[in-house]
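The file final06.json comes next; it holds JSON, C-alpha atoms.
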```json
[["chain", "number", "residue", "atom", "x", "y", "z"],
["A", 1, "MET", "CA", 147.10, 104.31, 132.55],
["A", 2, "THR", "CA", 143.97, 102.49, 131.56],
["A", 3, "THR", "CA", 143.61, 100.47, 128.46],
["A", 4, "PRO", "CA", 140.54, 101.41, 126.39],
["A", 5, "VAL", "CA", 138.04, 98.64, 125.95],
["A", 6, "LEU", "CA", 137.35, 98.01, 122.30],
["A", 7, "ALA", "CA", 134.06, 96.63, 121.15],
["A", 8, "PRO", "CA", 134.17, 93.32, 119.28],
["A", 9, "PRO", "CA", 134.36, 93.75, 115.53],
["A", 10, "SER", "CA", 131.07, 91.92, 115.15],
["A", 11, "ALA", "CA", 129.33, 94.40, 117.44],
["A", 12, "VAL", "CA", 130.71, 97.36, 115.49],
["A", 13, "THR", "CA", 129.66, 95.79, 112.22],
["A", 14, "THR", "CA", 126.18, 95.05, 113.51],
["A", 15, "LYS", "CA", 125.80, 98.57, 114.88],
["A", 16, "GLY", "CA", 126.92, 100.13, 111.63],
["A", 17, "ALA", "CA", 124.67, 97.89, 109.60],
["A", 18, "SER", "CA", 121.68, 98.78, 111.76],
["A", 19, "LYS", "CA", 122.20, 102.47, 110.98],
["A", 20, "ARG", "CA", 122.49, 101.92, 107.25],
["A", 21, "ARG", "CA", 119.48, 100.58, 105.44],
["A", 22, "SER", "CA", 120.19, 98.48, 102.42],
["A", 23, "PRO", "CA", 118.72, 99.43, 99.02],
["A", 24, "ARG", "CA", 116.62, 96.29, 99.21],
["A", 25, "ASP", "CA", 114.98, 97.51, 102.45],
["A", 26, "ARG", "CA", 114.28, 100.91, 100.88],
["A", 27, "ARG", "CA", 112.69, 99.27, 97.85],
["A", 28, "SER", "CA", 110.59, 97.10, 100.12],
["A", 29, "THR", "CA", 109.30, 100.15, 102.00],
["A", 30, "LEU", "CA", 108.51, 101.95, 98.74],
["A", 31, "LEU", "CA", 106.60, 98.95, 97.39],
["A", 32, "THR", "CA", 104.66, 98.67, 100.66],
["A", 33, "VAL", "CA", 103.62, 102.32, 100.44],
["A", 34, "LEU", "CA", 102.59, 101.91, 96.80],
["A", 35, "LEU", "CA", 100.53, 98.83, 97.65],
["A", 36, "TRP", "CA", 98.72, 100.70, 100.42],
["A", 37, "ILE", "CA", 98.00, 103.55, 98.01],
["A", 38, "LEU", "CA", 96.59, 101.10, 95.46],
["A", 39, "ALA", "CA", 94.52, 99.39, 98.15],
["A", 40, "ALA", "CA", 93.09, 102.76, 99.20],
["A", 41, "TYR", "CA", 92.39, 103.61, 95.55],
["A", 42, "PHE", "CA", 90.23, 100.49, 95.17],
["A", 43, "LEU", "CA", 88.67, 100.46, 98.63],
["A", 44, "VAL", "CA", 87.69, 104.12, 99.09],
["A", 45, "PRO", "CA", 84.89, 103.98, 96.45],
["A", 46, "LEU", "CA", 83.53, 100.83, 98.11],
["A", 47, "VAL", "CA", 83.64, 102.48, 101.53],
["A", 48, "TRP", "CA", 81.88, 105.54, 100.12],
["A", 49, "LEU", "CA", 79.21, 103.31, 98.54],
["A", 50, "LEU", "CA", 78.64, 101.46, 101.81],
["A", 51, "ILE", "CA", 78.36, 104.67, 103.83],
["A", 52, "ALA", "CA", 76.21, 106.45, 101.23],
["A", 53, "SER", "CA", 73.76, 103.52, 101.25],
["A", 54, "THR", "CA", 73.00, 104.26, 104.91],
["A", 55, "LYS", "CA", 71.91, 107.86, 104.21],
["A", 56, "ASN", "CA", 68.59, 109.26, 103.14],
["A", 57, "ASN", "CA", 68.42, 111.64, 100.22],
["A", 58, "ALA", "CA", 68.78, 114.76, 102.42],
["A", 59, "ASP", "CA", 71.92, 113.48, 104.20],
["A", 60, "LEU", "CA", 73.34, 112.30, 100.92],
["A", 61, "PHE", "CA", 73.79, 115.88, 99.71],
["A", 62, "SER", "CA", 74.38, 117.63, 103.05],
["A", 63, "SER", "CA", 76.86, 115.45, 104.97],
["A", 64, "PHE", "CA", 80.47, 114.51, 104.31],
["A", 65, "GLY", "CA", 80.74, 111.69, 101.81],
["A", 66, "LEU", "CA", 82.95, 109.40, 103.88],
["A", 67, "TRP", "CA", 80.94, 109.73, 107.08],
["A", 68, "PHE", "CA", 77.48, 108.68, 108.16],
["A", 69, "GLY", "CA", 74.49, 110.99, 108.09],
["A", 70, "ALA", "CA", 72.22, 112.06, 110.91],
["A", 71, "ARG", "CA", 69.91, 109.09, 110.36],
["A", 72, "PHE", "CA", 70.69, 105.45, 109.57],
["A", 73, "SER", "CA", 68.44, 104.76, 106.59],
["A", 74, "LEU", "CA", 69.84, 101.55, 105.12],
["A", 75, "ILE", "CA", 66.71, 99.50, 105.86],
["A", 76, "ASP", "CA", 64.44, 102.19, 104.41],
["A", 77, "ASN", "CA", 66.66, 102.44, 101.33],
["A", 78, "LEU", "CA", 66.59, 98.68, 100.79],
["A", 79, "ARG", "CA", 62.81, 98.71, 101.10],
["A", 80, "GLU", "CA", 62.64, 101.50, 98.55],
["A", 81, "VAL", "CA", 65.00, 99.70, 96.16],
["A", 82, "PHE", "CA", 62.78, 96.63, 95.92],
["A", 83, "SER", "CA", 59.50, 98.56, 95.83],
["A", 84, "ALA", "CA", 60.34, 101.40, 93.42],
["A", 85, "SER", "CA", 58.70, 101.27, 89.97],
["A", 86, "GLY", "CA", 56.60, 98.29, 90.93],
["A", 87, "GLY", "CA", 59.52, 96.21, 92.22],
["A", 88, "VAL", "CA", 61.33, 96.14, 88.88],
["A", 89, "TYR", "CA", 64.72, 95.95, 90.64],
["A", 90, "ALA", "CA", 64.07, 92.32, 91.62],
["A", 91, "ARG", "CA", 63.38, 91.53, 87.97],
["A", 92, "TRP", "CA", 66.63, 93.23, 86.93],
["A", 93, "LEU", "CA", 68.52, 91.27, 89.56],
["A", 94, "LEU", "CA", 67.04, 87.99, 88.33],
["A", 95, "ASN", "CA", 67.90, 88.89, 84.73],
["A", 96, "THR", "CA", 71.48, 89.66, 85.69],
["A", 97, "VAL", "CA", 71.83, 86.35, 87.53],
["A", 98, "ILE", "CA", 70.50, 84.49, 84.48],
["A", 99, "TYR", "CA", 72.79, 86.35, 82.09],
["A", 100, "ALA", "CA", 75.88, 85.91, 84.29],
["A", 101, "VAL", "CA", 75.36, 82.27, 85.31],
["A", 102, "VAL", "CA", 74.38, 80.92, 81.88],
["A", 103, "SER", "CA", 77.05, 82.94, 80.06],
["A", 104, "SER", "CA", 79.86, 82.14, 82.50],
["A", 105, "LEU", "CA", 79.10, 78.42, 82.60],
["A", 106, "GLY", "CA", 78.82, 78.20, 78.83],
["A", 107, "ALA", "CA", 81.90, 80.32, 78.17],
["A", 108, "SER", "CA", 83.95, 78.35, 80.71],
["A", 109, "LEU", "CA", 83.00, 75.01, 79.16],
["A", 110, "LEU", "CA", 83.61, 76.16, 75.58],
["A", 111, "SER", "CA", 86.92, 77.79, 76.52],
["A", 112, "THR", "CA", 88.04, 74.65, 78.36],
["A", 113, "MET", "CA", 87.18, 72.39, 75.43],
["A", 114, "ALA", "CA", 88.86, 74.70, 72.91],
["A", 115, "GLY", "CA", 91.95, 75.22, 75.05],
["A", 116, "TYR", "CA", 92.29, 71.48, 75.67],
["A", 117, "ALA", "CA", 92.02, 70.73, 71.95],
["A", 118, "LEU", "CA", 94.57, 73.39, 71.01],
["A", 119, "ALA", "CA", 97.00, 72.18, 73.66],
["A", 120, "LYS", "CA", 96.76, 68.40, 73.26],
["A", 121, "TYR", "CA", 95.87, 67.69, 69.63],
["A", 122, "GLU", "CA", 97.85, 68.17, 66.44],
["A", 123, "PHE", "CA", 95.72, 69.23, 63.46],
["A", 124, "PRO", "CA", 96.24, 71.36, 60.34],
["A", 125, "GLY", "CA", 95.88, 75.07, 61.00],
["A", 126, "ARG", "CA", 96.26, 74.83, 64.78],
["A", 127, "SER", "CA", 98.81, 77.66, 64.91],
["A", 128, "ALA", "CA", 96.67, 79.83, 62.64],
["A", 129, "VAL", "CA", 93.59, 79.29, 64.80],
["A", 130, "PHE", "CA", 95.50, 80.15, 67.95],
["A", 131, "SER", "CA", 96.95, 83.27, 66.30],
["A", 132, "ILE", "CA", 93.46, 84.42, 65.33],
["A", 133, "ILE", "CA", 92.29, 83.90, 68.91],
["A", 134, "LEU", "CA", 95.22, 85.94, 70.21],
["A", 135, "GLY", "CA", 94.45, 88.69, 67.72],
["A", 136, "SER", "CA", 90.78, 88.79, 68.70],
["A", 137, "ILE", "CA", 91.78, 89.54, 72.28],
["A", 138, "MET", "CA", 93.14, 92.89, 71.09],
["A", 139, "ILE", "CA", 89.81, 93.94, 69.52],
["A", 140, "PRO", "CA", 87.70, 96.02, 71.96],
["A", 141, "LEU", "CA", 84.22, 94.65, 72.56],
["A", 142, "THR", "CA", 82.63, 98.02, 71.83],
["A", 143, "ALA", "CA", 83.95, 97.82, 68.25],
["A", 144, "LEU", "CA", 82.00, 94.58, 67.78],
["A", 145, "ALA", "CA", 78.78, 95.77, 69.38],
["A", 146, "ILE", "CA", 77.20, 97.37, 66.31],
["A", 147, "PRO", "CA", 78.08, 94.50, 63.91],
["A", 148, "THR", "CA", 76.76, 92.05, 66.50],
["A", 149, "TYR", "CA", 73.52, 94.02, 66.78],
["A", 150, "LEU", "CA", 73.06, 94.10, 63.00],
["A", 151, "MET", "CA", 73.71, 90.36, 62.72],
["A", 152, "PHE", "CA", 71.30, 89.50, 65.54],
["A", 153, "SER", "CA", 68.72, 91.91, 64.16],
["A", 154, "SER", "CA", 68.78, 90.12, 60.80],
["A", 155, "PHE", "CA", 67.97, 86.86, 62.62],
["A", 156, "GLY", "CA", 65.26, 88.46, 64.76],
["A", 157, "LEU", "CA", 67.11, 87.81, 68.04],
["A", 158, "THR", "CA", 67.24, 91.34, 69.38],
["A", 159, "ASN", "CA", 65.20, 92.31, 72.42],
["A", 160, "ASN", "CA", 65.70, 88.78, 73.68],
["A", 161, "MET", "CA", 67.77, 87.21, 76.45],
["A", 162, "LEU", "CA", 69.69, 85.23, 73.85],
["A", 163, "ALA", "CA", 70.95, 88.50, 72.40],
["A", 164, "VAL", "CA", 72.99, 89.00, 75.58],
["A", 165, "ILE", "CA", 73.82, 85.37, 76.37],
["A", 166, "ILE", "CA", 75.07, 84.15, 72.98],
["A", 167, "PRO", "CA", 77.76, 86.86, 72.46],
["A", 168, "SER", "CA", 78.91, 86.35, 76.05],
["A", 169, "LEU", "CA", 79.61, 82.66, 75.37],
["A", 170, "VAL", "CA", 82.64, 83.63, 73.28],
["A", 171, "SER", "CA", 85.72, 84.33, 75.41],
["A", 172, "PRO", "CA", 89.00, 84.53, 73.45],
["A", 173, "PHE", "CA", 90.95, 85.29, 76.60],
["A", 174, "GLY", "CA", 89.40, 82.23, 78.25],
["A", 175, "VAL", "CA", 90.50, 80.04, 75.34],
["A", 176, "TYR", "CA", 94.03, 81.43, 75.53],
["A", 177, "LEU", "CA", 94.17, 80.93, 79.30],
["A", 178, "MET", "CA", 92.89, 77.36, 79.13],
["A", 179, "ARG", "CA", 95.23, 76.48, 76.29],
["A", 180, "VAL", "CA", 98.24, 77.58, 78.34],
["A", 181, "TYR", "CA", 96.90, 75.91, 81.49],
["A", 182, "ALA", "CA", 96.10, 72.62, 79.73],
["A", 183, "ALA", "CA", 99.54, 72.45, 78.16],
["A", 184, "GLU", "CA", 101.18, 72.66, 81.60],
["A", 185, "SER", "CA", 98.77, 70.76, 83.85],
["A", 186, "ILE", "CA", 97.90, 67.66, 81.78],
["A", 187, "PRO", "CA", 100.83, 65.29, 81.12],
["A", 188, "ASP", "CA", 100.81, 63.66, 77.71],
["A", 189, "SER", "CA", 101.80, 60.38, 79.33],
["A", 190, "LEU", "CA", 98.55, 60.39, 81.33],
["A", 191, "LEU", "CA", 96.50, 60.77, 78.15],
["A", 192, "GLU", "CA", 98.46, 58.00, 76.46],
["A", 193, "ALA", "CA", 97.86, 55.71, 79.43],
["A", 194, "ALA", "CA", 94.13, 56.38, 79.20],
["A", 195, "ARG", "CA", 94.17, 55.57, 75.47],
["A", 196, "VAL", "CA", 96.03, 52.34, 76.12],
["A", 197, "ASP", "CA", 93.33, 51.38, 78.63],
["A", 198, "GLY", "CA", 90.76, 51.78, 75.86],
["A", 199, "ALA", "CA", 89.22, 55.15, 76.80],
["A", 200, "GLY", "CA", 87.89, 57.27, 73.97],
["A", 201, "GLU", "CA", 88.83, 60.90, 73.46],
["A", 202, "ILE", "CA", 85.53, 62.25, 74.79],
["A", 203, "ARG", "CA", 85.78, 60.10, 77.92],
["A", 204, "ILE", "CA", 89.40, 61.15, 78.42],
["A", 205, "PHE", "CA", 88.40, 64.80, 78.33],
["A", 206, "TRP", "CA", 85.45, 64.48, 80.73],
["A", 207, "GLN", "CA", 86.98, 62.05, 83.20],
["A", 208, "VAL", "CA", 90.69, 62.93, 83.05],
["A", 209, "GLY", "CA", 91.31, 66.31, 81.48],
["A", 210, "LEU", "CA", 88.41, 68.20, 83.03],
["A", 211, "ARG", "CA", 89.39, 67.12, 86.54],
["A", 212, "LEU", "CA", 92.90, 68.50, 86.10],
["A", 213, "LEU", "CA", 91.62, 71.70, 84.49],
["A", 214, "GLY", "CA", 89.30, 72.57, 87.39],
["A", 215, "PRO", "CA", 91.27, 75.56, 88.79],
["A", 216, "GLY", "CA", 91.71, 77.06, 85.33],
["A", 217, "LEU", "CA", 88.03, 76.55, 84.57],
["A", 218, "VAL", "CA", 87.09, 78.35, 87.80],
["A", 219, "THR", "CA", 89.38, 81.24, 86.84],
["A", 220, "VAL", "CA", 87.67, 81.62, 83.47],
["A", 221, "LEU", "CA", 84.31, 81.28, 85.23],
["A", 222, "LEU", "CA", 85.10, 84.17, 87.56],
["A", 223, "PHE", "CA", 86.41, 86.41, 84.80],
["A", 224, "THR", "CA", 83.42, 85.73, 82.55],
["A", 225, "MET", "CA", 80.92, 86.10, 85.38],
["A", 226, "VAL", "CA", 82.31, 89.50, 86.38],
["A", 227, "ALA", "CA", 82.45, 90.66, 82.75],
["A", 228, "THR", "CA", 78.86, 89.60, 82.07],
["A", 229, "TRP", "CA", 77.56, 90.95, 85.38],
["A", 230, "ASN", "CA", 79.11, 94.37, 84.66],
["A", 231, "ASN", "CA", 78.29, 94.39, 80.95],
["A", 232, "TYR", "CA", 76.46, 97.56, 80.02],
["A", 233, "PHE", "CA", 76.89, 98.45, 76.35],
["A", 234, "LEU", "CA", 75.76, 95.14, 74.83],
["A", 235, "PRO", "CA", 72.44, 94.92, 76.76],
["A", 236, "LEU", "CA", 71.89, 98.62, 76.12],
["A", 237, "ILE", "CA", 71.86, 98.21, 72.34],
["A", 238, "MET", "CA", 70.28, 94.76, 72.25],
["A", 239, "LEU", "CA", 67.36, 95.29, 74.65],
["A", 240, "SER", "CA", 64.54, 97.80, 74.62],
["A", 241, "LYS", "CA", 62.14, 96.23, 77.13],
["A", 242, "SER", "CA", 62.64, 97.34, 80.71],
["A", 243, "GLU", "CA", 61.73, 93.91, 82.07],
["A", 244, "LEU", "CA", 64.73, 92.39, 80.21],
["A", 245, "TYR", "CA", 67.30, 94.88, 81.50],
["A", 246, "PRO", "CA", 70.20, 93.74, 83.66],
["A", 247, "LEU", "CA", 71.14, 95.76, 86.74],
["A", 248, "THR", "CA", 73.71, 97.87, 84.91],
["A", 249, "VAL", "CA", 71.23, 99.22, 82.36],
["A", 250, "GLY", "CA", 68.35, 99.45, 84.83],
["A", 251, "LEU", "CA", 70.33, 101.42, 87.41],
["A", 252, "ALA", "CA", 71.65, 103.70, 84.67],
["A", 253, "GLN", "CA", 68.08, 104.43, 83.61],
["A", 254, "GLN", "CA", 67.12, 105.22, 87.19],
["A", 255, "GLN", "CA", 70.15, 107.47, 87.59],
["A", 256, "SER", "CA", 69.21, 109.35, 84.42],
["A", 257, "ALA", "CA", 65.69, 109.80, 85.78],
["A", 258, "ALA", "CA", 67.10, 111.06, 89.09],
["A", 259, "SER", "CA", 69.23, 113.62, 87.26],
["A", 260, "ALA", "CA", 66.33, 114.82, 85.13],
["A", 261, "GLY", "CA", 64.68, 117.01, 87.77],
["A", 262, "SER", "CA", 64.03, 117.72, 91.42],
["A", 263, "ALA", "CA", 60.84, 115.65, 91.40],
["A", 264, "THR", "CA", 62.80, 112.44, 90.98],
["A", 265, "GLN", "CA", 65.94, 113.29, 92.99],
["A", 266, "ALA", "CA", 64.79, 110.90, 95.70],
["A", 267, "LEU", "CA", 65.93, 108.14, 93.36],
["A", 268, "PHE", "CA", 69.59, 108.99, 94.07],
["A", 269, "SER", "CA", 69.62, 107.08, 97.35],
["A", 270, "THR", "CA", 67.73, 104.24, 95.65],
["A", 271, "VAL", "CA", 70.32, 104.01, 92.86],
["A", 272, "ILE", "CA", 73.23, 104.04, 95.33],
["A", 273, "THR", "CA", 71.70, 101.37, 97.54],
["A", 274, "GLY", "CA", 70.82, 99.33, 94.49],
["A", 275, "SER", "CA", 74.45, 99.55, 93.37],
["A", 276, "LEU", "CA", 75.54, 98.19, 96.75],
["A", 277, "VAL", "CA", 73.14, 95.26, 96.47],
["A", 278, "ALA", "CA", 74.36, 94.62, 92.92],
["A", 279, "ILE", "CA", 77.96, 93.93, 93.97],
["A", 280, "LEU", "CA", 77.10, 91.59, 96.85],
["A", 281, "PRO", "CA", 76.49, 88.48, 94.67],
["A", 282, "LEU", "CA", 79.90, 88.93, 93.02],
["A", 283, "ILE", "CA", 81.58, 89.09, 96.43],
["A", 284, "VAL", "CA", 79.76, 85.95, 97.56],
["A", 285, "ALA", "CA", 80.67, 84.12, 94.34],
["A", 286, "PHE", "CA", 84.34, 85.05, 94.68],
["A", 287, "LEU", "CA", 84.49, 84.00, 98.33],
["A", 288, "PHE", "CA", 82.85, 80.68, 97.48],
["A", 289, "LEU", "CA", 85.03, 79.91, 94.43],
["A", 290, "GLN", "CA", 88.38, 81.25, 95.63],
["A", 291, "ARG", "CA", 89.31, 77.97, 97.36],
["A", 292, "TYR", "CA", 89.10, 76.18, 94.00],
["A", 293, "TRP", "CA", 91.04, 79.01, 92.40],
["A", 294, "GLN", "CA", 93.78, 79.09, 95.02],
["A", 295, "SER", "CA", 94.20, 75.33, 94.88],
["A", 296, "GLY", "CA", 95.38, 75.66, 91.30],
["A", 297, "LEU", "CA", 97.96, 78.33, 92.07],
["A", 298, "SER", "CA", 100.16, 75.78, 93.84],
["A", 299, "ALA", "CA", 99.43, 72.89, 91.47],
["A", 300, "GLY", "CA", 102.70, 71.47, 90.18],
["A", 301, "SER", "CA", 104.82, 73.56, 92.54],
["A", 302, "VAL", "CA", 105.91, 70.47, 94.50],
["A", 303, "LYS", "CA", 107.28, 67.48, 92.66],
["A", 304, "GLU", "CA", 106.92, 64.01, 94.04]]
```

Show me this structure written as structure tokens.
Amino acid sequence: MTTPVLAPPSAVTTKGASKRRSPRDRRSTLLTVLLWILAAYFLVPLVWLLIASTKNNADLFSSFGLWFGARFSLIDNLREVFSASGGVYARWLLNTVIYAVVSSLGASLLSTMAGYALAKYEFPGRSAVFSIILGSIMIPLTALAIPTYLMFSSFGLTNNMLAVIIPSLVSPFGVYLMRVYAAESIPDSLLEAARVDGAGEIRIFWQVGLRLLGPGLVTVLLFTMVATWNNYFLPLIMLSKSELYPLTVGLAQQQSAASAGSATQALFSTVITGSLVAILPLIVAFLFLQRYWQSGLSAGSVKE
């Protein structure tokens, strides 16, 4: 009679556990699938835009959207983008850079100063001011477009670059973000030490506070730059001269012309390639600024 060999309890437990997946593992798999779906949702339009920019107008309407056409026409399309309508695309690109850079730098600085003041100074009405700023975040920008146009029209500032830049300098979300960031990243003891050493409030902000608020400032800069670069409705109602258009309005005008009739349908490939060129500066700006942004994500996570 042979004695059956029994497996160690640990081996049985491990084998049984390997067959049964914990609810945590199932949730992890579900979240992974959802993230891949979201990634595809955001990336497929970009892939389509990249592929469509390599097609001529005939392949654009005859071949499958997510595959290349019979001829690689990216260079020809780029040449057409910058030569169509007397090379006005280059002017639109320059306008967009001016609008985005000036507006984002100004909005970031104003938001940083306002957020720093709301976080580090006690003054009458501070809570009321911050509540108004929070409430203004809930107001859609399109609801303010017509009043803004009427106000600027009364001052004679329409059809001018300032008509796009000045409204873009106001960023309630940027003020809210910098107020929260300043309250957490700047110790009050550091400001008191600077005051004891004889530094004035302006010097404290520029030489102490602004250095610690760098990652938050870059975050506001990126948000404002993207918002201004993609802004369409405000320039549309403020500007009537084609040479002042940003890329959003200019490309929309070209797309409308391409949809008007068969004589101008060749503009479709020009509009698509122009849209590809329009997003490249934003990608470059994000890649350049992300190191400053990421450095602030871990700020304060490790205590000395």

Could you tell me how far CA of Ser83 in chain A sits from CA of Leu49 in chain A, in Å to one decimal place?
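Computing the Euclidean distance for CA of Leu49 in chain A and CA of Ser83 in chain A yields 20.5 Å.
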
Could you give me, as JSON, numbers by chain, the residues that have an atom at most 8 Å away from the point (71.4, 111.5, 90.4) in the coordinates of the file, using all atoms listed in the file? {"A": [255, 256, 257, 258, 259, 265, 267, 268, 271]}

Long-range neighbours of range 91-97 of chain A as a VMD selection string, 8 Å cut-off, only C-alpha atoms, 5 positions minimum in chain: chain A and resid 229 243 to 247 250 278

For Arg195 in chain A, find every residue with an atom within 8 Å (counting only C-alpha atoms), except residues of its own chain fewer than 5 positions away, and show them as a PyMOL selection string.
chain A and resi 200-201+204

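Each of A:Ser275, A:Ser62, A:Thr112, A:Gln290 was compared to Ala183 in chain A using all atoms listed in the file, and A:Thr112 turns out to be the nearest.
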
- When you draw a straight line from CA of Ala58 in chain A to CA of Ile279 in chain A, how long is it in Å?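 For CA of Ala58 in chain A relative to CA of Ile279 in chain A, the distance reads 24.3 Å.
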
### Task
Just give me the gap between CA of Ser168 in chain A and CA of Ala145 in chain A in Å, one decimal is fine.
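Spanning CA of Ser168 in chain A to CA of Ala145 in chain A is a straight-line distance of 11.5 Å.
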
### Task
Compute the distance from (76.2, 95.4, 80.6) to each atom, counting all atoms listed in the file, keep the residues with any atom at most 10 Å away, and return them as a ChimeraX atom specification; use the coordinates of the file.
/A:96,99,164,227-237,245-250
